[in-house]
file protein17.pdb (PDB, C-alpha atoms)
ATOM      1  CA  VAL H   1    -237.032  99.490 -50.863
ATOM      2  CA  PHE H   2    -239.216  97.597 -53.320
ATOM      3  CA  ILE H   3    -236.977  98.517 -56.255
ATOM      4  CA  GLY H   4    -233.948  97.459 -54.225
ATOM      5  CA  VAL H   5    -235.546  94.047 -53.670
ATOM      6  CA  THR H   6    -236.229  93.695 -57.405
ATOM      7  CA  VAL H   7    -232.618  94.577 -58.215
ATOM      8  CA  ILE H   8    -231.256  92.023 -55.728
ATOM      9  CA  THR H   9    -233.615  89.372 -57.079
ATOM     10  CA  ALA H  10    -232.458  90.065 -60.617
ATOM     11  CA  LEU H  11    -228.804  89.910 -59.571
ATOM     12  CA  LEU H  12    -229.387  86.543 -57.917
ATOM     13  CA  GLN H  13    -230.424  85.182 -61.299
ATOM     14  CA  THR H  14    -226.923  85.910 -62.640
ATOM     15  CA  TRP H  15    -225.258  83.467 -60.243
ATOM     16  CA  GLU H  16    -223.859  80.253 -61.635
ATOM     17  CA  ARG H  17    -226.230  78.398 -59.299
ATOM     18  CA  PRO H  18    -229.052  80.875 -58.572
ATOM     19  CA  PRO H  19    -230.931  80.241 -55.304
ATOM     20  CA  ILE H  20    -234.221  80.819 -57.162
ATOM     21  CA  ASN H  21    -234.586  79.455 -60.671
ATOM     22  CA  GLY H  22    -237.035  77.749 -62.980
ATOM     23  CA  ILE H  23    -240.749  78.428 -62.584
ATOM     24  CA  PRO H  24    -240.533  80.285 -59.209
ATOM     25  CA  ALA H  25    -237.962  82.702 -60.640
ATOM     26  CA  ALA H  26    -240.062  83.219 -63.765
ATOM     27  CA  ILE H  27    -243.167  84.002 -61.699
ATOM     28  CA  ILE H  28    -241.321  86.453 -59.435
ATOM     29  CA  GLU H  29    -239.534  88.302 -62.231
ATOM     30  CA  ALA H  30    -242.645  88.460 -64.440
ATOM     31  CA  SER H  31    -244.645  89.798 -61.491
ATOM     32  CA  PHE H  32    -242.103  92.586 -60.955
ATOM     33  CA  ASP H  33    -242.200  93.528 -64.640
ATOM     34  CA  MET H  34    -246.015  93.544 -64.614
ATOM     35  CA  LEU H  35    -246.052  95.821 -61.574
ATOM     36  CA  PHE H  36    -243.692  98.215 -63.356
ATOM     37  CA  LEU H  37    -245.970  98.113 -66.401
ATOM     38  CA  LEU H  38    -248.978  98.834 -64.189
ATOM     39  CA  GLU H  39    -247.141 101.775 -62.614
ATOM     40  CA  VAL H  40    -246.368 103.310 -66.014
ATOM     41  CA  SER H  41    -249.927 102.759 -67.185
ATOM     42  CA  VAL H  42    -251.381 104.509 -64.139
ATOM     43  CA  ARG H  43    -248.942 107.418 -64.508
ATOM     44  CA  PHE H  44    -249.926 107.784 -68.161
ATOM     45  CA  ALA H  45    -253.646 107.565 -67.384
ATOM     46  CA  VAL H  46    -253.586 110.310 -64.750
ATOM     47  CA  CYS H  47    -251.073 112.564 -66.512
ATOM     48  CA  PRO H  48    -252.735 115.888 -67.526
ATOM     49  CA  ASN H  49    -250.494 116.229 -70.583
ATOM     50  CA  ARG H  50    -250.003 112.808 -72.143
ATOM     51  CA  LYS H  51    -248.008 114.231 -75.025
ATOM     52  CA  MET H  52    -245.324 115.551 -72.669
ATOM     53  CA  PHE H  53    -245.426 112.294 -70.729
ATOM     54  CA  LEU H  54    -243.357 110.572 -73.424
ATOM     55  CA  PHE H  55    -240.755 113.356 -73.433
ATOM     56  CA  SER H  56    -239.868 112.881 -69.772
ATOM     57  CA  ALA H  57    -236.588 111.019 -69.242
ATOM     58  CA  TYR H  58    -237.927 109.435 -66.062
ATOM     59  CA  ASN H  59    -241.032 108.121 -67.827
ATOM     60  CA  PHE H  60    -238.859 106.807 -70.648
ATOM     61  CA  ILE H  61    -236.780 104.891 -68.087
ATOM     62  CA  ASP H  62    -239.977 103.493 -66.564
ATOM     63  CA  LEU H  63    -241.123 102.350 -70.006
ATOM     64  CA  ALA H  64    -237.740 100.748 -70.695
ATOM     65  CA  SER H  65    -237.943  98.827 -67.417
ATOM     66  CA  CYS H  66    -241.070  97.110 -68.765
ATOM     67  CA  LEU H  67    -239.427  95.841 -71.962
ATOM     68  CA  PRO H  68    -237.904  92.740 -70.286
ATOM     69  CA  LEU H  69    -241.463  91.448 -69.924
ATOM     70  CA  VAL H  70    -241.716  91.158 -73.725
ATOM     71  CA  LEU H  71    -238.328  89.451 -73.948
ATOM     72  CA  ARG H  72    -239.289  86.983 -71.225
ATOM     73  CA  ALA H  73    -242.460  86.099 -73.118
ATOM     74  CA  LEU H  74    -240.478  85.507 -76.323
ATOM     75  CA  MET H  75    -238.035  83.266 -74.438
ATOM     76  CA  GLY H  76    -240.816  81.189 -72.878
ATOM     77  CA  TRP H  77    -240.649  82.886 -69.420
ATOM     78  CA  ILE H  78    -238.232  80.336 -67.940
ATOM     79  CA  LEU H  79    -234.567  81.228 -68.428
ATOM     80  CA  PRO H  80    -232.085  78.480 -69.377
ATOM     81  CA  GLU H  81    -229.174  77.391 -67.210
ATOM     82  CA  SER H  82    -226.118  79.659 -67.124
ATOM     83  CA  GLN H  83    -224.076  77.362 -69.359
ATOM     84  CA  ASP H  84    -226.864  77.361 -71.975
ATOM     85  CA  CYS H  85    -227.552  81.105 -71.796
ATOM     86  CA  ASP H  86    -227.666  82.656 -75.283
ATOM     87  CA  MET H  87    -227.282  86.313 -76.251
ATOM     88  CA  ALA H  88    -230.931  87.177 -75.515
ATOM     89  CA  CYS H  89    -230.618  85.586 -72.092
ATOM     90  CA  LYS H  90    -227.408  87.496 -71.354
ATOM     91  CA  VAL H  91    -229.002  90.771 -72.426
ATOM     92  CA  LEU H  92    -231.948  90.077 -70.141
ATOM     93  CA  LEU H  93    -229.816  89.138 -67.130
ATOM     94  CA  GLY H  94    -227.431  92.050 -67.677
ATOM     95  CA  CYS H  95    -229.874  94.854 -68.451
ATOM     96  CA  VAL H  96    -232.691  94.145 -65.993
ATOM     97  CA  PRO H  97    -230.744  95.135 -62.824
ATOM     98  CA  VAL H  98    -229.484  98.292 -64.549
ATOM     99  CA  LEU H  99    -232.931  99.383 -65.750
ATOM    100  CA  ARG H 100    -234.478  98.768 -62.362
ATOM    101  CA  ILE H 101    -231.887 100.651 -60.342
ATOM    102  CA  ILE H 102    -232.008 103.612 -62.757
ATOM    103  CA  LYS H 103    -235.693 103.975 -61.852
ATOM    104  CA  VAL H 104    -234.537 105.293 -58.468
ATOM    105  CA  LEU H 105    -233.207 108.440 -60.198
ATOM    106  CA  ARG H 106    -236.729 109.851 -59.952
ATOM    107  CA  ARG H 107    -236.228 110.050 -56.167
ATOM    108  CA  PHE H 108    -232.927 111.949 -56.377
ATOM    109  CA  GLN H 109    -233.964 115.500 -57.183
ATOM    110  CA  LYS H 110    -230.405 116.779 -56.793
ATOM    111  CA  PHE H 111    -229.366 114.669 -59.774
ATOM    112  CA  HIS H 112    -230.310 117.731 -61.842
ATOM    113  CA  LEU H 113    -227.462 119.589 -60.175
ATOM    114  CA  LEU H 114    -224.930 117.079 -61.443
ATOM    115  CA  LEU H 115    -226.330 117.343 -64.980
ATOM    116  CA  LYS H 116    -226.230 121.145 -64.732
ATOM    117  CA  ALA H 117    -222.578 121.046 -63.670
ATOM    118  CA  PHE H 118    -221.613 118.837 -66.612
ATOM    119  CA  HIS H 119    -223.569 121.127 -68.909
ATOM    120  CA  LEU H 120    -221.592 124.135 -67.694
ATOM    121  CA  ALA H 121    -218.283 122.288 -68.039
ATOM    122  CA  ALA H 122    -219.168 120.937 -71.497
ATOM    123  CA  GLU H 123    -217.961 124.125 -73.173
ATOM    124  CA  ALA H 124    -214.375 123.523 -72.076
ATOM    125  CA  LEU H 125    -214.322 119.716 -72.174
ATOM    126  CA  PRO H 126    -214.127 119.196 -75.992
ATOM    127  CA  VAL H 127    -210.792 120.990 -76.310
ATOM    128  CA  MET H 128    -209.533 119.207 -73.190
ATOM    129  CA  VAL H 129    -210.481 115.833 -74.648
ATOM    130  CA  TYR H 130    -208.814 116.802 -77.922
ATOM    131  CA  MET H 131    -205.571 117.662 -76.147
ATOM    132  CA  TYR H 132    -205.788 114.400 -74.186
ATOM    133  CA  VAL H 133    -206.009 112.433 -77.441
ATOM    134  CA  VAL H 134    -203.032 114.391 -78.842
ATOM    135  CA  ILE H 135    -200.961 113.551 -75.769
ATOM    136  CA  MET H 136    -201.975 109.891 -75.996
ATOM    137  CA  LEU H 137    -201.012 109.672 -79.696
ATOM    138  CA  LEU H 138    -197.698 111.408 -79.001
ATOM    139  CA  PHE H 139    -197.090 108.967 -76.149
ATOM    140  CA  THR H 140    -197.945 106.040 -78.424
ATOM    141  CA  ALA H 141    -195.647 107.223 -81.217
ATOM    142  CA  SER H 142    -192.778 107.766 -78.761
ATOM    143  CA  LEU H 143    -193.128 104.246 -77.369
ATOM    144  CA  PHE H 144    -193.416 102.750 -80.852
ATOM    145  CA  ILE H 145    -190.219 104.490 -81.998
ATOM    146  CA  ILE H 146    -188.046 104.524 -78.873
ATOM    147  CA  ASP H 147    -189.100 101.348 -77.047
ATOM    148  CA  GLY H 148    -189.494  99.228 -80.187
ATOM    149  CA  THR H 149    -193.008  98.020 -79.336
ATOM    150  CA  PRO H 150    -194.083  95.227 -81.756
ATOM    151  CA  SER H 151    -197.021  97.211 -83.155
ATOM    152  CA  PHE H 152    -198.550 100.656 -82.938
ATOM    153  CA  TRP H 153    -201.635  99.065 -81.351
ATOM    154  CA  ASP H 154    -199.551  97.518 -78.571
ATOM    155  CA  ALA H 155    -197.873 100.864 -77.987
ATOM    156  CA  GLY H 156    -201.296 102.520 -77.849
ATOM    157  CA  TRP H 157    -202.535 100.006 -75.276
ATOM    158  CA  LEU H 158    -199.459 100.602 -73.115
ATOM    159  CA  ALA H 159    -200.049 104.345 -73.431
ATOM    160  CA  VAL H 160    -203.696 104.022 -72.364
ATOM    161  CA  VAL H 161    -203.055 101.859 -69.294
ATOM    162  CA  SER H 162    -200.141 104.086 -68.296
ATOM    163  CA  MET H 163    -201.926 107.427 -68.747
ATOM    164  CA  THR H 164    -204.957 106.185 -66.843
ATOM    165  CA  THR H 165    -202.625 104.782 -64.125
ATOM    166  CA  LEU H 166    -204.295 101.363 -64.380
ATOM    167  CA  GLY H 167    -201.146  99.376 -65.046
ATOM    168  CA  TYR H 168    -202.536  95.892 -65.711
ATOM    169  CA  GLY H 169    -199.007  94.530 -66.076
ATOM    170  CA  ASP H 170    -199.748  92.703 -69.323
ATOM    171  CA  SER H 171    -197.728  95.284 -71.269
ATOM    172  CA  THR H 172    -194.537  96.957 -70.035
ATOM    173  CA  PRO H 173    -191.621  98.838 -71.628
ATOM    174  CA  SER H 174    -188.886  96.496 -72.840
ATOM    175  CA  LYS H 175    -186.044  99.036 -72.692
ATOM    176  CA  GLU H 176    -184.798 101.553 -70.175
ATOM    177  CA  SER H 177    -185.472 104.320 -72.692
ATOM    178  CA  GLY H 178    -189.083 103.140 -72.864
ATOM    179  CA  GLN H 179    -189.350 103.294 -69.078
ATOM    180  CA  VAL H 180    -188.146 106.890 -69.188
ATOM    181  CA  VAL H 181    -190.769 107.729 -71.801
ATOM    182  CA  VAL H 182    -193.521 106.130 -69.695
ATOM    183  CA  GLY H 183    -192.386 107.963 -66.564
ATOM    184  CA  VAL H 184    -192.306 111.353 -68.306
ATOM    185  CA  PHE H 185    -195.718 110.975 -69.921
ATOM    186  CA  VAL H 186    -197.396 109.590 -66.796
ATOM    187  CA  PHE H 187    -196.090 112.541 -64.766
ATOM    188  CA  ALA H 188    -197.170 115.025 -67.438
ATOM    189  CA  ASN H 189    -200.592 113.395 -67.735
ATOM    190  CA  CYS H 190    -201.189 113.606 -63.967
ATOM    191  CA  LEU H 191    -200.529 117.350 -64.139
ATOM    192  CA  TYR H 192    -202.767 117.745 -67.194
ATOM    193  CA  MET H 193    -205.706 115.788 -65.733
ATOM    194  CA  ALA H 194    -205.857 118.224 -62.830
ATOM    195  CA  VAL H 195    -207.168 120.857 -65.265
ATOM    196  CA  PRO H 196    -210.433 119.180 -66.482
ATOM    197  CA  VAL H 197    -211.082 117.744 -63.025
ATOM    198  CA  GLY H 198    -210.752 121.231 -61.582
ATOM    199  CA  ILE H 199    -213.108 122.660 -64.224
ATOM    200  CA  ILE H 200    -215.796 120.088 -63.430
ATOM    201  CA  GLY H 201    -215.311 120.532 -59.694
ATOM    202  CA  ASN H 202    -215.580 124.311 -59.959
ATOM    203  CA  ALA H 203    -218.721 124.024 -62.110
ATOM    204  CA  PHE H 204    -220.360 121.719 -59.567
ATOM    205  CA  ASN H 205    -219.397 124.101 -56.757
ATOM    206  CA  ASP H 206    -221.092 126.996 -58.571
ATOM    207  CA  VAL H 207    -224.202 124.900 -59.196
ATOM    208  CA  TRP H 208    -224.339 123.718 -55.590
ATOM    209  CA  LYS H 209    -224.275 127.289 -54.327
ATOM    210  CA  ASP H 210    -227.284 128.051 -56.525
ATOM    211  CA  ARG H 211    -229.014 124.704 -55.893
ATOM    212  CA  ASP H 212    -232.211 126.079 -54.339
ATOM    213  CA  ARG H 213    -233.054 128.275 -57.316
ATOM    214  CA  ILE H 214    -232.145 125.553 -59.848
ATOM    215  CA  LEU H 215    -234.255 122.908 -58.106
ATOM    216  CA  LEU H 216    -237.191 125.303 -57.773
ATOM    217  CA  MET H 217    -237.021 126.182 -61.474
ATOM    218  CA  THR H 218    -236.765 122.508 -62.431
ATOM    219  CA  LYS H 219    -239.810 121.551 -60.352
ATOM    220  CA  THR H 220    -241.829 124.507 -61.631
ATOM    221  CA  ARG H 221    -240.981 123.753 -65.257
ATOM    222  CA  ALA H 222    -241.913 120.088 -64.819
ATOM    223  CA  LYS H 223    -245.283 120.978 -63.243
ATOM    224  CA  LEU H 224    -246.078 123.484 -65.990
ATOM    225  CA  GLU H 225    -245.229 120.963 -68.711
ATOM    226  CA  GLN H 226    -247.416 118.326 -67.057
ATOM    227  CA  ALA H 227    -250.273 120.829 -66.976
ATOM    228  CA  GLY H 228    -249.889 121.465 -70.695
ATOM    229  CA  TYR H 229    -248.001 124.771 -70.594
ATOM    230  CA  SER H 230    -244.817 125.232 -72.589
ATOM    231  CA  ALA H 231    -242.608 128.112 -73.603
TER
END
call {"tool": "encode", "arguments": {"input": "protein17.pdb", "output": "structure tokens"}}
result
Amino acid sequence: VFIGVTVITALLQTWERPPINGIPAAIIEASFDMLFLLEVSVRFAVCPNRKMFLFSAYNFIDLASCLPLVLRALMGWILPESQDCDMACKVLLGCVPVLRIIKVLRRFQKFHLLLKAFHLAAEALPVMVYMYVVIMLLFTASLFIIDGTPSFWDAGWLAVVSMTTLGYGDSTPSKESGQVVVGVFVFANCLYMAVPVGIIGNAFNDVWKDRDRILLMTKTRAKLEQAGYSA
């Protein structure tokens, strides 16, 4: 709940007219960052194996969530108005909510299952991605030649938005032959995308069936590493 409040507070600062700004906003945000820094410091102080502490992804996220405190100090604590916001200010406003909400990953133990599923599917994904790029380039070349698209880049953009079924409408085929090409490739791409999606879904299904053993092994390994034991 506390992290959710910090995320909402940070998002409020991105409004054109934030409800809390100036000194009050600086005090609140700096207090949150200091509490996160205190949390990391306490975790590090009580950790049995401080060397392994830095190799934990969750601890690394906690450390990253404290970095905005340094940036705030360099910017003078008080953020400028939205119209005067420079790159450092935009980075601060954009990254703080992300870093804070990622901290919640520590509470989702089943997140390891999702990572395990992607790890299992990673063996087949490279060749699938390669074939996807081949199809996209073939689609682009066909549009460039048949539809008479002004440039290869424009044809590539039309291919991307068509294959991903986004269809922004800013780029469309100019000829009937181009419409035929788009229709054929969109249909073929829908059939092709069912393959990698099925692979990932099947991998997650296998992991979910074995979730109890995987979670137990993950917890045991983490406890052993914290105690100073490693393979």
call {"tool": "resolve_selection", "arguments": {"input": "protein17.pdb", "expression": "the PyMOL selection byres ((chain H and resi 175) around 10)", "output": "PyMOL selection string"}}
result
chain H and resi 143+146-149+172-174+176-181
call {"tool": "closest_residue", "arguments": {"input": "protein17.pdb", "among": "H:Val42, H:Val184, H:Leu166, H:Met128", "to": "H:Ser142", "atoms": "only C-alpha atoms"}}
result
H:Val184
call {"tool": "residues_around", "arguments": {"input": "protein17.pdb", "residues": "stretch 212-223 of chain H", "least_positions_apart": "6", "cutoff": "12 Å", "atoms": "all atoms listed in the file", "output": "PyMOL selection string"}}
result
chain H and resi 47-49+52-53+55-58+108-117+206+229-231
call {"tool": "atom_distance", "arguments": {"input": "protein17.pdb", "atom1": "atom CA of H:His119", "atom2": "atom CA of H:Asn59"}}
result
21.8 Å
call {"tool": "resolve_selection", "arguments": {"input": "protein17.pdb", "expression": "the PyMOL selection byres ((chain H and resi 190-195) around 9)", "output": "short mmCIF file (atom, residue, chain, number, x, y, z; two decimals) with C-alpha atoms, in the frame of the given file"}}
result
data_model
loop_
_atom_site.label_atom_id
_atom_site.label_comp_id
_atom_site.auth_asym_id
_atom_site.auth_seq_id
_atom_site.Cartn_x
_atom_site.Cartn_y
_atom_site.Cartn_z
CA MET H 128 -209.53 119.21 -73.19
CA TYR H 132 -205.79 114.40 -74.19
CA MET H 163 -201.93 107.43 -68.75
CA THR H 164 -204.96 106.18 -66.84
CA THR H 165 -202.62 104.78 -64.12
CA PHE H 185 -195.72 110.98 -69.92
CA VAL H 186 -197.40 109.59 -66.80
CA PHE H 187 -196.09 112.54 -64.77
CA ALA H 188 -197.17 115.02 -67.44
CA ASN H 189 -200.59 113.40 -67.74
CA PRO H 196 -210.43 119.18 -66.48
CA VAL H 197 -211.08 117.74 -63.02
CA GLY H 198 -210.75 121.23 -61.58
CA ILE H 199 -213.11 122.66 -64.22
CA ILE H 200 -215.80 120.09 -63.43
#
call {"tool": "atom_distance", "arguments": {"input": "protein17.pdb", "atom1": "atom CA of H:Tyr130", "atom2": "atom CA of H:Asp170"}}
result
27.1 Å
call {"tool": "resolve_selection", "arguments": {"input": "protein17.pdb", "expression": "the PyMOL selection byres ((chain H and resi 93) around 12)", "output": "PyMOL selection string"}}
result
chain H and resi 7-15+18+29+68+71-72+79-82+85-92+94-100
call {"tool": "atom_distance", "arguments": {"input": "protein17.pdb", "atom1": "atom CA of H:Asn205", "atom2": "atom CA of H:Leu224"}}
result
28.2 Å
call {"tool": "axis_aligned_box", "arguments": {"input": "protein17.pdb", "around": "stretch 18-25 of chain H", "padding_each_side": "4 Å", "output": "lines of an AutoDock Vina configuration file"}}
result
center_x = -234.9
center_y = 80.2
center_z = -59.1
size_x = 19.7
size_y = 13.0
size_z = 15.7
call {"tool": "residues_around", "arguments": {"input": "protein17.pdb", "residues": "H:Trp153", "least_positions_apart": "5", "cutoff": "12 Å", "atoms": "all atoms listed in the file", "output": "number ranges by chain"}}
result
H: 137, 140-141, 143-144, 158-160, 171
